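Asks: PDB, C-alpha atoms, pLDDT in the B column, saved as protein.pdb, coming up:
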```pdb
ATOM      1  CA  ASN O 697       0.000   0.000   0.000  1.00 84.00           C
ATOM      2  CA  LEU O 698       0.952   3.632  -0.459  1.00 87.00           C
ATOM      3  CA  VAL O 699       0.967   5.371   2.906  1.00 87.00           C
ATOM      4  CA  THR O 700       1.761   8.864   4.148  1.00 87.00           C
ATOM      5  CA  ALA O 701       3.142  10.204   7.409  1.00 85.00           C
ATOM      6  CA  ARG O 702       4.929  13.301   8.646  1.00 85.00           C
ATOM      7  CA  THR O 703       8.604  12.911   9.419  1.00 84.00           C
ATOM      8  CA  GLU O 704       7.807  14.240  12.886  1.00 82.00           C
ATOM      9  CA  ALA O 705       5.627  11.748  14.811  1.00 83.00           C
ATOM     10  CA  ALA O 706       5.505   9.377  11.837  1.00 85.00           C
ATOM     11  CA  ALA O 707       3.745   6.527  13.626  1.00 84.00           C
ATOM     12  CA  ALA O 708       1.024   8.802  14.984  1.00 86.00           C
ATOM     13  CA  THR O 709       0.368  10.488  11.626  1.00 86.00           C
ATOM     14  CA  LEU O 710       0.619   7.436   9.356  1.00 85.00           C
ATOM     15  CA  GLU O 711      -2.356   7.005   7.020  1.00 87.00           C
ATOM     16  CA  VAL O 712      -2.984   4.345   4.369  1.00 87.00           C
ATOM     17  CA  ILE O 713      -3.837   5.850   0.969  1.00 90.00           C
ATOM     18  CA  GLY O 714      -4.354   2.701  -1.108  1.00 89.00           C
ATOM     19  CA  SER O 715      -2.780   0.013  -3.265  1.00 87.00           C
ATOM     20  CA  PRO O 716      -0.772   0.966  -6.376  1.00 87.00           C
ATOM     21  CA  GLY O 717      -1.972  -2.275  -7.968  1.00 83.00           C
ATOM     22  CA  SER O 718       1.536  -2.989  -9.305  1.00 79.00           C
ATOM     23  CA  SER O 719       4.896  -4.076  -7.881  1.00 78.00           C
ATOM     24  CA  LEU O 720       6.799  -0.834  -7.337  1.00 82.00           C
ATOM     25  CA  HIS O 721      10.594  -0.733  -7.604  1.00 80.00           C
ATOM     26  CA  THR O 722      11.159   2.995  -7.156  1.00 85.00           C
ATOM     27  CA  LEU O 723       9.400   6.076  -5.806  1.00 88.00           C
ATOM     28  CA  ASP O 724      10.127   9.819  -5.810  1.00 90.00           C
ATOM     29  CA  PHE O 725       8.476  13.196  -6.210  1.00 91.00           C
ATOM     30  CA  ASP O 726       9.484  15.372  -9.145  1.00 89.00           C
ATOM     31  CA  ALA O 727      11.281  18.654  -8.463  1.00 89.00           C
ATOM     32  CA  SER O 728       7.980  20.540  -8.174  1.00 87.00           C
ATOM     33  CA  GLY O 729       6.852  18.334  -5.285  1.00 88.00           C
ATOM     34  CA  GLN O 730       3.426  17.956  -6.870  1.00 87.00           C
ATOM     35  CA  ASN O 731       3.789  14.651  -8.720  1.00 89.00           C
ATOM     36  CA  LEU O 732       4.837  11.310  -7.218  1.00 90.00           C
ATOM     37  CA  TRP O 733       6.444   9.012  -9.791  1.00 89.00           C
ATOM     38  CA  GLY O 734       7.578   5.411  -9.699  1.00 87.00           C
ATOM     39  CA  THR O 735       8.622   2.469 -11.823  1.00 85.00           C
ATOM     40  CA  ALA O 736       6.985  -0.944 -11.769  1.00 81.00           C
ATOM     41  CA  THR O 737       6.790  -4.227 -13.612  1.00 77.00           C
ATOM     42  CA  VAL O 738       3.527  -4.445 -15.552  1.00 77.00           C
ATOM     43  CA  GLY O 739       2.846  -7.396 -17.860  1.00 76.00           C
ATOM     44  CA  GLY O 740       6.509  -8.369 -17.757  1.00 73.00           C
ATOM     45  CA  ASN O 741       7.642  -4.879 -18.835  1.00 75.00           C
ATOM     46  CA  GLU O 742       9.317  -2.158 -16.791  1.00 76.00           C
ATOM     47  CA  VAL O 743       7.181   1.002 -16.953  1.00 83.00           C
ATOM     48  CA  THR O 744       7.165   4.469 -15.432  1.00 85.00           C
ATOM     49  CA  GLY O 745       4.052   6.101 -14.065  1.00 87.00           C
ATOM     50  CA  ARG O 746       2.549   8.629 -11.676  1.00 90.00           C
ATOM     51  CA  LEU O 747       0.796   7.680  -8.446  1.00 91.00           C
ATOM     52  CA  ASN O 748      -2.563   9.128  -7.487  1.00 92.00           C
ATOM     53  CA  LEU O 749      -2.043  10.782  -4.096  1.00 90.00           C
ATOM     54  CA  LYS O 750      -5.693  10.311  -3.157  1.00 90.00           C
ATOM     55  CA  THR O 751      -6.129   6.633  -4.094  1.00 92.00           C
ATOM     56  CA  GLY O 752      -2.583   5.260  -4.405  1.00 90.00           C
ATOM     57  CA  ALA O 753      -3.263   3.971  -7.919  1.00 90.00           C
ATOM     58  CA  PHE O 754      -0.284   3.639 -10.280  1.00 89.00           C
ATOM     59  CA  LEU O 755      -1.060   5.397 -13.568  1.00 87.00           C
ATOM     60  CA  GLU O 756       1.109   3.798 -16.250  1.00 75.00           C
ATOM     61  CA  ARG O 757       2.752   6.235 -18.645  1.00 74.00           C
ATOM     62  CA  ALA O 758       5.573   4.708 -20.715  1.00 69.00           C
ATOM     63  CA  ALA O 759       7.634   1.540 -21.102  1.00 68.00           C
ATOM     64  CA  LEU O 760      11.338   1.684 -20.205  1.00 64.00           C
ATOM     65  CA  ALA O 761      13.962  -0.210 -22.186  1.00 57.00           C
ATOM     66  CA  VAL O 762      15.981  -1.213 -19.112  1.00 54.00           C
ATOM     67  CA  THR O 763      17.240  -4.558 -17.800  1.00 50.00           C
ATOM     68  CA  PRO O 764      17.299  -5.216 -14.921  1.00 53.00           C
ATOM     69  CA  ALA O 765      14.737  -2.984 -13.216  1.00 60.00           C
ATOM     70  CA  PHE O 766      15.921   0.206 -11.517  1.00 70.00           C
ATOM     71  CA  ASP O 767      16.762  -0.082  -7.818  1.00 75.00           C
ATOM     72  CA  ASP O 768      15.975   3.580  -7.114  1.00 80.00           C
ATOM     73  CA  VAL O 769      15.335   6.908  -8.862  1.00 83.00           C
ATOM     74  CA  THR O 770      15.672  10.509  -7.724  1.00 87.00           C
ATOM     75  CA  ALA O 771      14.673  13.858  -9.220  1.00 88.00           C
ATOM     76  CA  ASP O 772      17.305  16.560  -9.642  1.00 88.00           C
ATOM     77  CA  PRO O 773      16.410  20.097  -8.476  1.00 89.00           C
ATOM     78  CA  ASP O 774      17.072  21.362 -12.024  1.00 88.00           C
ATOM     79  CA  GLY O 775      13.530  20.201 -12.816  1.00 87.00           C
ATOM     80  CA  ALA O 776      14.588  18.149 -15.836  1.00 85.00           C
ATOM     81  CA  THR O 777      17.061  15.445 -14.817  1.00 85.00           C
ATOM     82  CA  TRP O 778      16.164  12.119 -13.229  1.00 82.00           C
ATOM     83  CA  TRP O 779      18.891   9.858 -11.880  1.00 81.00           C
ATOM     84  CA  ALA O 780      18.476   6.088 -11.922  1.00 74.00           C
ATOM     85  CA  GLY O 781      21.113   3.811 -10.508  1.00 64.00           C
ATOM     86  CA  PHE O 782      24.433   4.728 -12.082  1.00 47.00           C
ATOM     87  CA  MET O 783      23.077   6.289 -15.268  1.00 39.00           C
ATOM     88  CA  THR O 784      21.532   9.258 -16.992  1.00 38.00           C
ATOM     89  CA  LEU O 785      21.434   9.541 -20.761  1.00 34.00           C
ATOM     90  CA  ALA O 786      24.778  11.323 -20.716  1.00 34.00           C
ATOM     91  CA  THR O 787      26.756   9.908 -17.795  1.00 38.00           C
ATOM     92  CA  THR O 788      27.595   6.397 -16.646  1.00 42.00           C
ATOM     93  CA  PHE O 789      29.431   5.782 -13.382  1.00 43.00           C
ATOM     94  CA  PRO O 790      32.027   3.003 -13.178  1.00 45.00           C
ATOM     95  CA  ALA O 791      31.010  -0.132 -11.288  1.00 44.00           C
ATOM     96  CA  PHE O 792      31.399   0.315  -7.541  1.00 46.00           C
ATOM     97  CA  GLY O 793      29.893  -2.508  -5.555  1.00 48.00           C
ATOM     98  CA  ARG O 794      26.105  -2.214  -5.768  1.00 67.00           C
ATOM     99  CA  VAL O 795      24.759   1.301  -5.256  1.00 78.00           C
ATOM    100  CA  SER O 796      21.124   0.339  -4.825  1.00 78.00           C
ATOM    101  CA  SER O 797      19.703   3.599  -3.423  1.00 87.00           C
ATOM    102  CA  ILE O 798      20.316   7.185  -4.500  1.00 90.00           C
ATOM    103  CA  ALA O 799      19.143  10.696  -3.532  1.00 92.00           C
ATOM    104  CA  VAL O 800      20.030  14.235  -4.593  1.00 92.00           C
ATOM    105  CA  ASP O 801      20.067  17.191  -2.213  1.00 93.00           C
ATOM    106  CA  ARG O 802      18.648  20.671  -2.885  1.00 91.00           C
ATOM    107  CA  ASP O 803      22.019  21.827  -4.252  1.00 91.00           C
ATOM    108  CA  GLY O 804      22.261  18.952  -6.733  1.00 90.00           C
ATOM    109  CA  ALA O 805      24.755  16.794  -4.789  1.00 92.00           C
ATOM    110  CA  LEU O 806      24.112  13.100  -5.465  1.00 91.00           C
ATOM    111  CA  PHE O 807      24.431  10.503  -2.676  1.00 94.00           C
ATOM    112  CA  GLY O 808      23.976   6.741  -2.722  1.00 91.00           C
ATOM    113  CA  TYR O 809      24.121   3.589  -0.610  1.00 90.00           C
ATOM    114  CA  ASP O 810      26.552   0.810  -1.501  1.00 85.00           C
ATOM    115  CA  GLU O 811      24.772  -2.242  -0.112  1.00 81.00           C
ATOM    116  CA  THR O 812      27.774  -4.559  -0.575  1.00 80.00           C
ATOM    117  CA  ARG O 813      29.802  -2.441   1.837  1.00 85.00           C
ATOM    118  CA  GLY O 814      27.034  -0.910   3.939  1.00 88.00           C
ATOM    119  CA  GLU O 815      28.345   2.573   3.186  1.00 92.00           C
ATOM    120  CA  ILE O 816      26.939   5.912   2.099  1.00 94.00           C
ATOM    121  CA  VAL O 817      28.803   7.291  -0.914  1.00 92.00           C
ATOM    122  CA  ARG O 818      28.834  10.574  -2.827  1.00 92.00           C
ATOM    123  CA  LEU O 819      28.590  10.502  -6.620  1.00 87.00           C
ATOM    124  CA  ASP O 820      30.047  13.207  -8.867  1.00 84.00           C
ATOM    125  CA  PRO O 821      28.315  13.218 -12.285  1.00 74.00           C
ATOM    126  CA  ALA O 822      30.876  15.644 -13.758  1.00 77.00           C
ATOM    127  CA  THR O 823      33.898  13.417 -13.073  1.00 77.00           C
ATOM    128  CA  THR O 824      32.134  10.026 -12.529  1.00 72.00           C
ATOM    129  CA  GLN O 825      34.063   9.778  -9.250  1.00 81.00           C
ATOM    130  CA  ILE O 826      32.581   8.035  -6.229  1.00 85.00           C
ATOM    131  CA  THR O 827      33.706   9.032  -2.730  1.00 91.00           C
ATOM    132  CA  VAL O 828      32.975   7.014   0.404  1.00 93.00           C
ATOM    133  CA  VAL O 829      31.194   9.035   3.108  1.00 96.00           C
ATOM    134  CA  GLY O 830      31.064   6.248   5.707  1.00 96.00           C
ATOM    135  CA  PRO O 831      29.184   3.186   7.017  1.00 94.00           C
ATOM    136  CA  ILE O 832      25.593   3.454   8.211  1.00 94.00           C
ATOM    137  CA  GLY O 833      26.638   1.528  11.323  1.00 91.00           C
ATOM    138  CA  VAL O 834      23.563  -0.707  11.505  1.00 87.00           C
ATOM    139  CA  THR O 835      23.889  -4.486  11.185  1.00 80.00           C
ATOM    140  CA  GLY O 836      21.179  -6.867  10.050  1.00 79.00           C
ATOM    141  CA  ALA O 837      19.115  -4.135   8.371  1.00 81.00           C
ATOM    142  CA  ALA O 838      18.337  -3.463   4.718  1.00 82.00           C
ATOM    143  CA  LEU O 839      18.338   0.040   3.242  1.00 84.00           C
ATOM    144  CA  THR O 840      16.249   0.072   0.071  1.00 78.00           C
ATOM    145  CA  SER O 841      15.551   3.762  -0.501  1.00 86.00           C
ATOM    146  CA  LEU O 842      16.931   7.233   0.276  1.00 91.00           C
ATOM    147  CA  ASP O 843      15.491  10.722  -0.087  1.00 93.00           C
ATOM    148  CA  PHE O 844      16.399  14.256   0.972  1.00 94.00           C
ATOM    149  CA  ASP O 845      14.115  16.729   2.693  1.00 91.00           C
ATOM    150  CA  TRP O 846      15.012  19.794   0.637  1.00 90.00           C
ATOM    151  CA  ALA O 847      13.535  22.117   3.276  1.00 86.00           C
ATOM    152  CA  THR O 848      15.988  21.019   5.978  1.00 88.00           C
ATOM    153  CA  GLY O 849      18.771  19.309   4.018  1.00 92.00           C
ATOM    154  CA  GLU O 850      18.260  16.071   5.984  1.00 93.00           C
ATOM    155  CA  LEU O 851      18.729  12.674   4.331  1.00 95.00           C
ATOM    156  CA  TRP O 852      16.094  10.071   5.266  1.00 94.00           C
ATOM    157  CA  THR O 853      15.641   6.335   4.832  1.00 92.00           C
ATOM    158  CA  VAL O 854      13.604   3.397   6.116  1.00 89.00           C
ATOM    159  CA  LEU O 855      15.662   0.514   7.509  1.00 88.00           C
ATOM    160  CA  THR O 856      14.027  -2.906   7.391  1.00 81.00           C
ATOM    161  CA  SER O 857      14.930  -6.332   8.737  1.00 74.00           C
ATOM    162  CA  ALA O 858      13.445  -9.804   8.914  1.00 61.00           C
ATOM    163  CA  ALA O 859      12.501  -9.170  12.538  1.00 66.00           C
ATOM    164  CA  GLY O 860      10.933  -6.016  13.902  1.00 68.00           C
ATOM    165  CA  ALA O 861       9.126  -3.050  12.404  1.00 74.00           C
ATOM    166  CA  PRO O 862      10.656  -0.867   9.668  1.00 83.00           C
ATOM    167  CA  ARG O 863      12.532   2.073  11.171  1.00 86.00           C
ATOM    168  CA  LEU O 864      12.368   5.626   9.864  1.00 89.00           C
ATOM    169  CA  SER O 865      15.969   6.840  10.115  1.00 92.00           C
ATOM    170  CA  ARG O 866      18.072   9.894   9.387  1.00 94.00           C
ATOM    171  CA  ILE O 867      21.468   9.638   7.650  1.00 96.00           C
ATOM    172  CA  ASP O 868      24.406  11.880   8.553  1.00 97.00           C
ATOM    173  CA  THR O 869      25.840  13.087   5.226  1.00 96.00           C
ATOM    174  CA  ILE O 870      29.219  13.806   6.873  1.00 96.00           C
ATOM    175  CA  SER O 871      29.802  10.417   8.545  1.00 97.00           C
ATOM    176  CA  GLY O 872      27.236   8.173   6.838  1.00 96.00           C
ATOM    177  CA  ALA O 873      25.854   7.028  10.198  1.00 96.00           C
ATOM    178  CA  ALA O 874      22.151   6.196  10.485  1.00 94.00           C
ATOM    179  CA  THR O 875      20.137   7.399  13.482  1.00 93.00           C
ATOM    180  CA  LEU O 876      16.860   5.663  14.339  1.00 90.00           C
ATOM    181  CA  VAL O 877      14.050   8.214  14.588  1.00 90.00           C
ATOM    182  CA  GLU O 878      10.956   6.035  14.944  1.00 88.00           C
ATOM    183  CA  SER O 879       9.605   2.547  14.250  1.00 84.00           C
ATOM    184  CA  LEU O 880       6.707   2.442  11.783  1.00 83.00           C
ATOM    185  CA  PRO O 881       3.546   0.411  12.502  1.00 79.00           C
ATOM    186  CA  VAL O 882       3.652  -1.485   9.190  1.00 76.00           C
ATOM    187  CA  SER O 883       4.775  -5.042   8.523  1.00 66.00           C
ATOM    188  CA  SER O 884       5.998  -4.766   4.927  1.00 63.00           C
ATOM    189  CA  GLN O 885       9.693  -5.078   4.113  1.00 62.00           C
ATOM    190  CA  GLY O 886      11.519  -3.234   1.345  1.00 68.00           C
ATOM    191  CA  LEU O 887       9.744   0.092   1.847  1.00 80.00           C
ATOM    192  CA  ARG O 888      10.416   2.940  -0.577  1.00 85.00           C
ATOM    193  CA  ILE O 889      10.493   6.510   0.727  1.00 88.00           C
ATOM    194  CA  ALA O 890       9.806   9.842  -0.992  1.00 91.00           C
ATOM    195  CA  ILE O 891       9.871  13.233   0.735  1.00 91.00           C
ATOM    196  CA  GLN O 892       7.466  15.751  -0.757  1.00 86.00           C
ATOM    197  CA  ARG O 893       9.312  18.888  -1.876  1.00 67.00           C
ATOM    198  CA  SER O 894       8.356  21.947   0.103  1.00 59.00           C
ATOM    199  CA  THR O 895       9.800  25.228   1.330  1.00 44.00           C
ATOM    200  CA  LYS O 896       7.787  24.976   4.540  1.00 43.00           C
ATOM    201  CA  ARG O 897       8.749  22.286   7.034  1.00 41.00           C
ATOM    202  CA  ILE O 898       5.174  21.782   8.183  1.00 39.00           C
ATOM    203  CA  ASP O 899       4.131  20.763   4.670  1.00 44.00           C
ATOM    204  CA  VAL O 900       6.729  18.035   4.256  1.00 51.00           C
ATOM    205  CA  ARG O 901       5.290  14.535   4.126  1.00 60.00           C
ATOM    206  CA  THR O 902       6.865  11.142   3.777  1.00 62.00           C
ATOM    207  CA  PHE O 903       5.341   8.637   1.390  1.00 68.00           C
ATOM    208  CA  CYS O 904       6.310   4.976   1.591  1.00 68.00           C
ATOM    209  CA  ALA O 905       5.301   2.016  -0.514  1.00 62.00           C
ATOM    210  CA  PRO O 906       6.422  -1.603  -0.265  1.00 59.00           C
ATOM    211  CA  ALA O 907       8.337  -3.095  -3.159  1.00 50.00           C
ATOM    212  CA  GLU O 908       5.602  -5.707  -3.385  1.00 45.00           C
ATOM    213  CA  VAL O 909       1.924  -4.890  -3.047  1.00 39.00           C
ATOM    214  CA  ASN O 910       0.233  -6.253   0.083  1.00 40.00           C
TER     215      ASN O 910
END
```
For the file at hand, write its structure as C-alpha cells.

Replies:
Amino acid sequence: NLVTARTEAAAATLEVIGSPGSSLHTLDFDASGQNLWGTATVGGNEVTGRLNLKTGAFLERAALAVTPAFDDVTADPDGATWWAGFMTLATTFPAFGRVSSIAVDRDGALFGYDETRGEIVRLDPATTQITVVGPIGVTGAALTSLDFDWATGELWTVLTSAAGAPRLSRIDTISGAATLVESLPVSSQGLRIAIQRSTKRIDVRTFCAPAEVN
C-alpha cells in the first residue's frame, strides 16, 4: 500500500492511501513536489508512471527499455534530470559494488548507498568519481531507498529487517551514520520513501510504498 506520514511523529500520523496495484521498484516526487512518480513491472515490462495521491493507484505512462529494473530513482532540483542507478542519458558511473539507493540534495549533490559495503557514498556526475562518506553503522538491516528533505537538508531512509518493524531513520551526510528516529507500525519489508518537496517544514510529508503490493 501507499501510505503517508509526517517525518515528525511518523507513527502517529501514518495514514494508508491505497494500493498501487503494481509491484513498485522505485518512488520519488518530481522537483515541483506535486507529482509522485515510480517504476513498476507491468505485464513483464518495466514502466514508469505517476501515483494518485488520493487513491494510491499507479497510472502507467511509458515503457522503459531497461534490464534489470531500476533499484531507485531521484529527481534533480534542475527540474529536468532524473537519476536512476548509475546512469543518466549522458553519464555512466564506473562499477562500484552495488549502489542500490540514490538521492540528490537541494544543491544537486548526489548521494547513494553501496549495499555490498554498507556505506553511504557521494557521486560526482561531472567526473564520474565516487567518494565514500562512511558506514551506516547498523547491522542486520536493509536500506532500500533514500530521499532528501530539501527544506531542511536532511537525508532520510527506512531501515528494514526480517525481525521487527521498519525504522524511519536519518542519515548523517558527513559520517554516513544512520540514526533511528521512529519505528513504523507497518509489517511490509523493502519500503520505498519519498519526501514531498516543500519550502515549509510543516508541509513536508513522507510517502512509503512496499516493493511488493500487500

Asks: State, in Å with one decimal place, the distance from CA of Ser719 in chain O to CA of Val877 in chain O.

Replies: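 Separation of CA of Ser719 in chain O and CA of Val877 in chain O: 27.2 Å.
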
Asks: Measure the distance from CA of Glu711 in chain O to CA of Gly849 in chain O in Å and round it to one decimal.

Replies: 24.6 Å

Asks: Dig up all the protein and nucleic acid residues within 6 Å of (-2.1, 0.4, 0.6) in the file frame, using only C-alpha atoms, and format them as a list in words.

Replies: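 Residues lying no farther than 6 Å from the given point: Asn697, Leu698, Val712, Ile713, Gly714 and Ser715 of chain O.
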
Asks: Include C-alpha atoms and write out the residues we just selected as a tab-separated table (two decimals), keeping the file's coordinate frame.

Replies:
```
chain	number	residue	atom	x	y	z
O	697	ASN	CA	0.00	0.00	0.00
O	698	LEU	CA	0.95	3.63	-0.46
O	712	VAL	CA	-2.98	4.34	4.37
O	713	ILE	CA	-3.84	5.85	0.97
O	714	GLY	CA	-4.35	2.70	-1.11
O	715	SER	CA	-2.78	0.01	-3.26
```

Asks: What do you get, as a ChimeraX atom specification, if you spell out every residue that the PyMOL selection byres ((chain O and resi 707) around 12) selects here?

Replies: /O:699-706,708-712,861-864,877-882,902

Asks: Could you expand the PyMOL selection byres ((chain O and resi 754) around 9) into the explicit residues it covers here, written as an MDAnalysis selection string?

Replies: chainID O and resid 715:718 720 733:734 736 745:748 752:753 755:756

Asks: Figure out the distance between CA of Ala837 in chain O and CA of Trp779 in chain O, please, to one decimal in Å.

Replies: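 Rounded to one decimal, the two atoms are 24.6 Å apart.
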
Asks: Set the distance at 7 Å and use all atoms listed in the file: which residues neighbour range 796-804 of chain O once local chain neighbours fewer than 2 positions away are removed? I'd like the list as a list in words.

Replies: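 My reading of the contact set: Asp767, Asp768, Val769, Thr770, Asp772, Pro773, Gly781, Arg794, Leu806, Phe807, Gly808, Tyr809, Asp810, Glu811, Thr840, Ser841, Leu842, Asp843, Phe844, Trp846 and Gly849 of chain O.
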
Asks: Residues of the last selection are to be written out with C-alpha atoms, as a compact mmCIF listing (two decimals), in the coordinates of the input.

Replies:
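Result went into again.txt, see below:
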```txt
# COMPACT_ATOMS: atom_id res chain seq x y z
CA ASP O 767 16.76 -0.08 -7.82
CA ASP O 768 15.98 3.58 -7.11
CA VAL O 769 15.34 6.91 -8.86
CA THR O 770 15.67 10.51 -7.72
CA ASP O 772 17.30 16.56 -9.64
CA PRO O 773 16.41 20.10 -8.48
CA GLY O 781 21.11 3.81 -10.51
CA ARG O 794 26.10 -2.21 -5.77
CA LEU O 806 24.11 13.10 -5.46
CA PHE O 807 24.43 10.50 -2.68
CA GLY O 808 23.98 6.74 -2.72
CA TYR O 809 24.12 3.59 -0.61
CA ASP O 810 26.55 0.81 -1.50
CA GLU O 811 24.77 -2.24 -0.11
CA THR O 840 16.25 0.07 0.07
CA SER O 841 15.55 3.76 -0.50
CA LEU O 842 16.93 7.23 0.28
CA ASP O 843 15.49 10.72 -0.09
CA PHE O 844 16.40 14.26 0.97
CA TRP O 846 15.01 19.79 0.64
CA GLY O 849 18.77 19.31 4.02
```

Asks: Going by the chain IDs and residue numbers used in this file, which residues fall under the PyMOL selection byres ((chain O and resi 829) around 7)? Write them as a ChimeraX atom specification.

Replies: /O:816-818,827-828,830,870-872

Asks: Taking (9.7, 14.8, -0.8) in the coordinates of the supplied file, I want to know which residues reach to within 6 Å of it, counting all atoms listed in the file; could you give the answer as a list in words?

Replies: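 Output: Phe725, Asp845, Ala890, Ile891, Gln892 and Arg893 of chain O.
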
Asks: Name the closest residue to Glu815 in chain O among the candidates O:Ala847, O:Asp868, O:Ala771, O:Ala776; distances are taken between atoms, counting only C-alpha atoms.

Replies: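 Of O:Ala847, O:Asp868, O:Ala771, O:Ala776, the one nearest Glu815 in chain O is O:Asp868, counting only C-alpha atoms.
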
Asks: Go through O:Ala873, O:Leu851, O:Val738, O:Ala838 and flag the residue nearest Leu887 in chain O, using only C-alpha atoms for the distances.

Replies: O:Ala838

Asks: Go through O:Ser865, O:Thr848, O:Asp774, O:Ala874 and flag the residue nearest Gly814 in chain O, using all atoms listed in the file for the distances.

Replies: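 Going through O:Ser865, O:Thr848, O:Asp774, O:Ala874 one by one, the smallest distance to Gly814 in chain O is for O:Ala874.
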
Asks: Go through O:Gly775, O:Thr869, O:Phe766, O:Ser857 one by one, measure the shortest atom-to-atom distance of each to Ser728 in chain O using only C-alpha atoms, and give the residue with the smallest value.

Replies: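 The answer is O:Gly775, which sits nearest to Ser728 in chain O.
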